[in-house]
file input_13.csv (CSV, C-alpha atoms)
chain,number,residue,atom,x,y,z
A,199,MET,CA,8.1,-16.8,-13.1
A,200,GLU,CA,10.7,-14.1,-13.4
A,201,THR,CA,12.6,-13.9,-10.1
A,202,GLN,CA,15.5,-11.7,-11.1
A,203,SER,CA,15.5,-7.9,-10.4
A,204,PRO,CA,13.3,-5.9,-12.7
A,205,ASP,CA,14.9,-4.2,-15.7
A,206,ARG,CA,14.6,-0.5,-16.6
A,207,SER,CA,12.5,-0.6,-19.8
A,208,SER,CA,9.4,1.5,-19.6
A,209,ALA,CA,6.4,0.4,-21.7
A,210,PRO,CA,3.1,2.3,-21.1
A,211,ASP,CA,1.2,1.0,-18.0
A,212,GLY,CA,-1.7,-0.2,-20.1
A,213,VAL,CA,0.5,-2.5,-22.1
A,214,LEU,CA,2.2,-3.8,-19.0
A,215,ILE,CA,-1.2,-4.5,-17.3
A,216,ALA,CA,-2.3,-6.4,-20.5
A,217,ARG,CA,0.9,-8.5,-20.3
A,218,LEU,CA,0.3,-9.1,-16.6
A,219,ARG,CA,-3.1,-10.4,-17.4
A,220,ARG,CA,-1.5,-13.0,-19.6
A,221,GLY,CA,0.7,-14.0,-16.7
A,222,ASP,CA,3.8,-12.2,-17.9
A,223,MET,CA,5.7,-11.6,-14.6
A,224,ALA,CA,8.3,-9.5,-16.3
A,225,ALA,CA,5.5,-6.9,-16.7
A,226,LEU,CA,5.1,-6.9,-12.9
A,227,ALA,CA,8.8,-6.4,-12.5
A,228,GLU,CA,8.7,-3.4,-14.8
A,229,LEU,CA,5.8,-1.8,-12.9
A,230,TYR,CA,7.6,-2.5,-9.7
A,231,GLU,CA,10.7,-0.8,-11.0
A,232,LYS,CA,8.6,2.2,-12.0
A,233,TYR,CA,6.5,2.7,-8.9
A,234,GLN,CA,8.3,1.1,-6.0
A,235,THR,CA,9.9,4.3,-4.8
A,236,PRO,CA,6.9,6.7,-4.7
A,237,ILE,CA,4.6,4.0,-3.3
A,238,PHE,CA,7.1,3.0,-0.6
A,239,ARG,CA,7.9,6.7,0.3
A,240,THR,CA,4.2,7.4,0.7
A,241,ALA,CA,3.6,4.4,2.9
A,242,LEU,CA,6.6,5.2,5.0
A,243,ALA,CA,5.6,8.9,5.4
A,244,ILE,CA,2.2,7.8,6.7
A,245,THR,CA,3.1,4.8,8.8
A,246,ARG,CA,6.6,6.0,9.8
A,247,ASP,CA,7.6,2.4,10.0
A,248,GLN,CA,10.1,0.9,7.6
A,249,GLY,CA,8.9,-2.7,8.0
A,250,ALA,CA,5.3,-1.7,7.6
A,251,ALA,CA,6.0,0.4,4.5
A,252,GLU,CA,7.8,-2.6,2.9
A,253,ASP,CA,5.0,-4.9,3.7
A,254,ILE,CA,2.5,-2.5,2.2
A,255,LEU,CA,4.6,-2.1,-0.9
A,256,GLN,CA,4.7,-5.9,-1.3
A,257,GLU,CA,0.9,-6.2,-0.8
A,258,CYS,CA,0.3,-3.4,-3.4
A,259,PHE,CA,2.1,-5.4,-6.1
A,260,ILE,CA,0.5,-8.7,-5.0
A,261,ARG,CA,-2.9,-7.1,-5.4
A,262,LEU,CA,-1.8,-5.6,-8.8
A,263,LEU,CA,-1.3,-9.2,-9.9
A,264,THR,CA,-4.5,-10.6,-8.4
A,265,HIS,CA,-6.6,-7.6,-9.6
A,266,ALA,CA,-5.0,-7.2,-13.0
A,267,ASP,CA,-8.3,-8.1,-14.8
A,268,ARG,CA,-10.1,-5.2,-13.1
A,269,ILE,CA,-7.5,-2.5,-13.6
A,270,ARG,CA,-8.0,0.0,-16.4
A,271,THR,CA,-5.5,-0.2,-19.3
A,272,ASP,CA,-6.3,3.2,-20.7
A,273,ALA,CA,-4.8,5.1,-17.8
A,274,PRO,CA,-1.6,5.1,-15.7
A,275,VAL,CA,-1.7,2.6,-12.8
A,276,GLY,CA,0.0,5.0,-10.4
A,277,PRO,CA,-3.3,6.4,-8.9
A,278,TRP,CA,-4.5,2.9,-8.3
A,279,LEU,CA,-1.3,1.9,-6.5
A,280,TYR,CA,-1.3,5.1,-4.5
A,281,ARG,CA,-4.9,4.4,-3.4
A,282,VAL,CA,-4.1,0.8,-2.3
A,283,ALA,CA,-1.0,2.0,-0.5
A,284,ILE,CA,-2.9,4.7,1.3
A,285,ASN,CA,-5.7,2.5,2.3
A,286,LEU,CA,-3.3,-0.2,3.7
A,287,SER,CA,-1.3,2.5,5.5
A,288,CYS,CA,-4.4,3.9,7.1
A,289,ASP,CA,-5.5,0.4,8.1
A,290,TRP,CA,-2.1,-0.1,9.7
A,291,ILE,CA,-2.3,3.2,11.6
A,292,HIS,CA,-5.7,2.3,13.0
A,293,TYR,CA,-4.6,-1.2,14.0
A,294,ARG,CA,-1.5,0.2,15.7
A,295,GLN,CA,-3.5,2.9,17.5
A,296,ARG,CA,-5.8,0.3,19.0
A,297,TRP,CA,-2.9,-1.6,20.4
A,298,SER,CA,-1.0,1.5,21.5
A,299,ASN,CA,-4.1,2.8,23.3
A,300,LEU,CA,-4.5,-0.5,25.1
A,301,LEU,CA,-0.8,-0.6,26.0
A,302,SER,CA,-0.7,3.0,27.3
A,303,LYS,CA,-3.7,2.2,29.5
A,304,LEU,CA,-1.9,-0.8,30.9
A,305,VAL,CA,1.3,1.1,31.4
A,306,GLY,CA,-0.5,4.1,32.9
A,307,ARG,CA,-1.8,1.9,35.7
A,308,TRP,CA,1.7,1.0,36.9
A,309,MET,CA,3.9,3.9,35.9
A,310,PRO,CA,3.7,7.6,36.7
A,311,PRO,CA,3.3,9.8,33.6
A,312,LEU,CA,6.6,10.6,31.9
A,313,ARG,CA,7.5,14.3,31.7
A,314,VAL,CA,9.5,14.8,28.6
A,315,GLU,CA,11.6,17.9,28.4
A,316,TRP,CA,12.4,18.7,24.8
A,317,THR,CA,15.7,20.3,24.2
A,318,VAL,CA,14.7,22.2,21.1
A,319,GLU,CA,17.3,23.7,18.9
A,320,GLU,CA,16.9,25.3,15.6
A,321,ARG,CA,18.2,22.3,13.7
A,322,GLU,CA,15.3,20.2,15.2
A,323,ILE,CA,12.6,22.3,13.6
A,324,GLN,CA,12.1,19.8,10.8
A,325,GLU,CA,11.5,17.1,13.4
A,326,ARG,CA,8.9,19.3,15.0
A,327,VAL,CA,7.2,19.9,11.7
A,328,ARG,CA,7.0,16.1,11.1
A,329,GLU,CA,5.7,15.6,14.6
A,330,ALA,CA,3.1,18.3,14.1
A,331,ILE,CA,2.0,16.6,10.8
A,332,ARG,CA,1.7,13.3,12.7
A,333,SER,CA,-0.7,14.9,15.1
A,334,LEU,CA,-3.1,15.9,12.3
A,335,PRO,CA,-6.2,13.8,11.4
A,336,LEU,CA,-5.2,11.0,9.1
A,337,PRO,CA,-7.1,12.3,6.0
A,338,GLN,CA,-5.2,15.6,6.3
A,339,GLN,CA,-1.9,13.8,6.8
A,340,VAL,CA,-2.4,11.8,3.6
A,341,VAL,CA,-3.1,14.9,1.6
A,342,ILE,CA,0.0,16.6,3.0
A,343,VAL,CA,2.2,13.6,2.2
A,344,LEU,CA,0.9,13.5,-1.4
A,345,TYR,CA,1.1,17.2,-1.9
A,346,TYR,CA,4.4,18.1,-0.3
A,347,LEU,CA,6.4,14.8,-0.5
A,348,GLU,CA,5.1,13.4,-3.8
A,349,GLY,CA,4.5,16.8,-5.4
A,350,LEU,CA,1.1,15.8,-6.8
A,351,SER,CA,-1.4,18.3,-7.9
A,352,LEU,CA,-4.8,18.7,-6.1
A,353,LYS,CA,-6.5,17.1,-9.1
A,354,GLU,CA,-4.2,14.1,-9.0
A,355,ILE,CA,-4.7,13.7,-5.3
A,356,ALA,CA,-8.5,13.9,-5.8
A,357,GLU,CA,-8.3,11.2,-8.4
A,358,ILE,CA,-6.2,8.9,-6.1
A,359,LEU,CA,-8.5,9.4,-3.0
A,360,GLU,CA,-11.6,9.4,-5.2
A,361,VAL,CA,-12.9,12.6,-3.6
A,362,PRO,CA,-13.8,16.0,-5.1
A,363,GLU,CA,-11.0,18.4,-5.7
A,364,GLY,CA,-12.6,20.8,-3.2
A,365,THR,CA,-12.3,18.2,-0.5
A,366,VAL,CA,-8.6,17.9,-1.1
A,367,LYS,CA,-8.2,21.6,-1.1
A,368,SER,CA,-10.2,21.9,2.2
A,369,ARG,CA,-8.1,19.1,3.9
A,370,LEU,CA,-4.9,20.8,2.8
A,371,HIS,CA,-6.1,24.2,4.0
A,372,TYR,CA,-7.2,23.0,7.4
A,373,GLY,CA,-4.0,20.9,7.7
A,374,ARG,CA,-1.8,23.9,7.0
A,375,GLU,CA,-3.7,26.1,9.4
A,376,ALA,CA,-3.4,23.5,12.2
A,377,LEU,CA,0.3,23.1,11.5
A,378,ARG,CA,0.7,26.9,11.6
A,379,GLU,CA,-1.0,27.1,14.9
A,380,ARG,CA,0.9,24.1,16.4
A,381,LEU,CA,4.3,25.4,15.3
A,382,ALA,CA,3.5,28.9,16.5
A,383,GLU,CA,2.7,27.5,19.9
A,384,TRP,CA,6.2,26.4,20.7
A,385,GLN,CA,8.2,28.9,18.8
A,386,PRO,CA,7.9,31.9,21.2
A,387,ARG,CA,9.0,29.7,24.1
A,388,ARG,CA,12.3,29.0,22.3
A,389,GLY,CA,13.0,32.6,21.6
A,390,VAL,CA,13.2,31.9,17.9
A,391,VAL,CA,10.9,33.6,15.5
A,392,TYR,CA,9.9,31.8,12.3
A,393,GLU,CA,7.9,33.7,9.8
A,394,LEU,CA,5.1,31.3,8.8
A,395,THR,CA,2.8,33.7,7.0
B,76,MET,CA,3.9,29.0,-1.8
B,77,ASP,CA,4.8,30.7,1.5
B,78,ALA,CA,7.4,30.0,4.3
B,79,LEU,CA,5.2,27.4,5.9
B,80,ASP,CA,4.9,25.5,2.6
B,81,VAL,CA,8.6,25.5,2.2
B,82,LEU,CA,9.1,24.4,5.8
B,83,ILE,CA,6.7,21.4,5.4
B,84,ALA,CA,8.2,20.4,2.1
B,85,GLN,CA,11.8,20.6,3.4
B,86,ALA,CA,10.9,18.6,6.6
B,87,MET,CA,9.3,15.8,4.5
B,88,GLN,CA,11.9,15.7,1.8
B,89,ALA,CA,14.7,15.7,4.3
B,90,ARG,CA,13.3,12.6,6.0
B,91,TRP,CA,11.7,10.6,3.3
B,92,GLY,CA,12.8,12.2,0.0
B,93,ASN,CA,15.5,9.6,-0.6
B,94,ALA,CA,13.8,6.7,1.1
B,95,ARG,CA,14.0,3.4,-0.9
B,96,PRO,CA,12.7,0.0,-0.2
B,97,SER,CA,15.3,-2.8,0.4
B,98,SER,CA,15.9,-5.3,-2.3
B,99,ARG,CA,14.3,-8.1,-0.2
B,100,VAL,CA,10.9,-6.7,-1.0
B,101,TRP,CA,11.1,-7.6,-4.6
B,102,ARG,CA,12.4,-11.1,-3.7
B,103,ARG,CA,9.4,-11.5,-1.4
B,104,ILE,CA,7.0,-10.4,-4.1
B,105,ALA,CA,8.6,-12.8,-6.6
B,106,ARG,CA,8.3,-15.7,-4.2
B,107,ARG,CA,4.7,-14.9,-3.4
B,108,THR,CA,3.7,-14.4,-7.0
B,109,ALA,CA,5.4,-17.7,-8.0
B,110,SER,CA,3.2,-19.6,-5.5
B,111,LEU,CA,0.2,-17.5,-6.3
B,112,THR,CA,0.4,-18.1,-10.1
B,113,PHE,CA,1.0,-21.8,-9.5
B,114,SER,CA,-2.2,-22.2,-7.4
B,115,LEU,CA,-4.2,-19.9,-9.7
B,116,ARG,CA,-3.2,-22.0,-12.8
B,117,ASN,CA,-4.2,-25.2,-10.9
B,118,ASP,CA,-7.6,-23.7,-10.0
B,119,VAL,CA,-8.3,-22.4,-13.5
B,120,SER,CA,-7.4,-25.8,-15.1
B,121,THR,CA,-10.3,-27.5,-13.4
B,122,HIS,CA,-12.7,-25.0,-15.0
B,123,ARG,CA,-11.7,-25.8,-18.6
B,124,PRO,CA,-14.5,-27.3,-20.7
B,125,ASP,CA,-12.3,-30.2,-21.7
B,126,TRP,CA,-11.3,-31.0,-18.1
B,127,ARG,CA,-11.8,-34.6,-17.0
B,128,PRO,CA,-11.0,-36.3,-13.7
B,129,ASP,CA,-7.7,-38.1,-13.5
B,130,PRO,CA,-8.4,-41.7,-14.9
B,131,PHE,CA,-6.2,-43.1,-12.2
B,132,LEU,CA,-8.5,-41.8,-9.5
B,133,VAL,CA,-11.7,-43.0,-11.3
B,134,PRO,CA,-10.8,-45.9,-13.5
B,135,PHE,CA,-14.3,-46.5,-14.9
B,136,SER,CA,-16.5,-44.9,-17.5
B,137,SER,CA,-19.7,-43.2,-16.3
B,138,ALA,CA,-21.8,-46.2,-17.4
B,139,GLY,CA,-19.4,-48.4,-15.4
B,140,ILE,CA,-19.8,-46.3,-12.3
B,141,LEU,CA,-23.6,-46.5,-12.6
B,142,LEU,CA,-23.4,-50.2,-12.9
B,143,LEU,CA,-21.2,-50.5,-9.8
B,144,TRP,CA,-23.5,-48.2,-7.9
B,145,ARG,CA,-26.6,-50.3,-8.7
B,146,TYR,CA,-25.0,-53.7,-8.7
B,147,ASP,CA,-27.8,-54.9,-6.3
B,148,PHE,CA,-30.4,-54.4,-9.1
B,149,LEU,CA,-28.3,-56.7,-11.3
B,150,LEU,CA,-28.0,-59.3,-8.6
B,151,MET,CA,-31.8,-59.1,-8.0
B,152,ARG,CA,-32.5,-59.6,-11.7
B,153,VAL,CA,-30.1,-62.5,-12.0
B,154,ALA,CA,-31.6,-64.1,-8.9

call {"tool": "encode", "arguments": {"input": "input_13.csv", "output": "structure tokens"}}
result
Amino acid sequence: METQSPDRSSAPDGVLIARLRRGDMAALAELYEKYQTPIFRTALAITRDQGAAEDILQECFIRLLTHADRIRTDAPVGPWLYRVAINLSCDWIHYRQRWSNLLSKLVGRWMPPLRVEWTVEEREIQERVREAIRSLPLPQQVVIVLYYLEGLSLKEIAEILEVPEGTVKSRLHYGREALRERLAEWQPRRGVVYELT
Amino acid sequence: MDALDVLIAQAMQARWGNARPSSRVWRRIARRTASLTFSLRNDVSTHRPDWRPDPFLVPFSSAGILLLWRYDFLLMRVA
């Protein structure tokens, strides 16, 4: 078992998967080196939790090892890894939501609702955008992360999510429109005009 | 690509564009794969066609085991 850090050689994914099937752990290290950053970044952008994103990254590569016999060798393994990471991230979000709903109900019984006054400055606009993205339905969030953060095409996203390209386009469209509306809601109150057309 | 697209892309890149996992993730993967491959190999070994039970655990041939099992028959015949 190779336990040192992965090196930077880059064989085609299919060759690495074939080696992995034969128990060559150096192949796993090479795949990790190649895909760790985009997979981690995607999980982090969806979960917004460093620890959860690292756990998801770890689980993706464990599954790559245990499912190596079923993974295609004639195509890049990136879409498969993205798909696993997204599914795990969505599971994590749902699990956390169940707990946070339960907790907020419990807290709500004993505490008056908090009134948060945001001191919004122009430099905080990016945080507002990220918060607005978080308020979107999860399927729209996922498409936005893959499109804007990972820079993937609609076709690539459709392949990862295993949905028609039109579905991706639709999610992106409705996500953008929702963001436009939510960002427009608070801009006039701040006296700052952002052109979002 | 309009201003909203730029705004979304900037907001995401600014926060997560340079995000990297810590090195401990790979160490954890290495540890888990080591234990996983060890257990997988052990499981697979028992499915090989030439696999036989450890002779220390069963120190008799199959005929010997049958004989031991039905030793009462032998006793009856001798008696």

call {"tool": "atom_distance", "arguments": {"input": "input_13.csv", "atom1": "atom CA of A:Ser208", "atom2": "atom CA of A:Asp253"}}
result
24.6 Å

call {"tool": "residues_around", "arguments": {"input": "input_13.csv", "residues": "stretch 106-108 of chain B", "least_positions_apart": "2", "cutoff": "8 Å", "atoms": "all atoms listed in the file", "output": "list in words"}}
result
Met199, Thr201, Ile260 and Leu263 of chain A; Arg102, Arg103, Ile104, Ser110, Leu111 and Thr112 of chain B

call {"tool": "atom_distance", "arguments": {"input": "input_13.csv", "atom1": "atom CA of A:Tyr280", "atom2": "atom CA of A:Leu218"}}
result
18.7 Å

call {"tool": "residues_around", "arguments": {"input": "input_13.csv", "residues": "A:Ile291", "least_positions_apart": "3", "cutoff": "10 Å", "atoms": "only C-alpha atoms", "output": "JSON list (two decimals) with C-alpha atoms, in the coordinates of the input"}}
result
[["chain", "number", "residue", "atom", "x", "y", "z"],
["A", 244, "ILE", "CA", 2.20, 7.80, 6.70],
["A", 245, "THR", "CA", 3.10, 4.80, 8.80],
["A", 246, "ARG", "CA", 6.60, 6.00, 9.80],
["A", 250, "ALA", "CA", 5.30, -1.70, 7.60],
["A", 285, "ASN", "CA", -5.70, 2.50, 2.30],
["A", 286, "LEU", "CA", -3.30, -0.20, 3.70],
["A", 287, "SER", "CA", -1.30, 2.50, 5.50],
["A", 288, "CYS", "CA", -4.40, 3.90, 7.10],
["A", 294, "ARG", "CA", -1.50, 0.20, 15.70],
["A", 295, "GLN", "CA", -3.50, 2.90, 17.50],
["A", 296, "ARG", "CA", -5.80, 0.30, 19.00],
["A", 336, "LEU", "CA", -5.20, 11.00, 9.10]]

call {"tool": "atom_distance", "arguments": {"input": "input_13.csv", "atom1": "atom CA of B:Asp77", "atom2": "atom CA of A:Tyr346"}}
result
12.7 Å

call {"tool": "interface_residues", "arguments": {"input": "input_13.csv", "of": "chain B", "to": "chain A", "cutoff": "9 Å", "atoms": "only C-alpha atoms", "output": "count of residues only"}}
result
34

call {"tool": "closest_residue", "arguments": {"input": "input_13.csv", "among": "A:Arg380, A:His265, A:Arg219, A:Arg270", "to": "A:Glu329", "atoms": "all atoms listed in the file"}}
result
A:Arg380

call {"tool": "residues_around", "arguments": {"input": "input_13.csv", "residues": "A:Gly212", "least_positions_apart": "3", "cutoff": "8 Å", "atoms": "only C-alpha atoms", "output": "list of chain:residue names"}}
result
A:Ile215, A:Ala216, A:Arg270, A:Thr271, A:Asp272, A:Ala273, A:Pro274, A:Val275
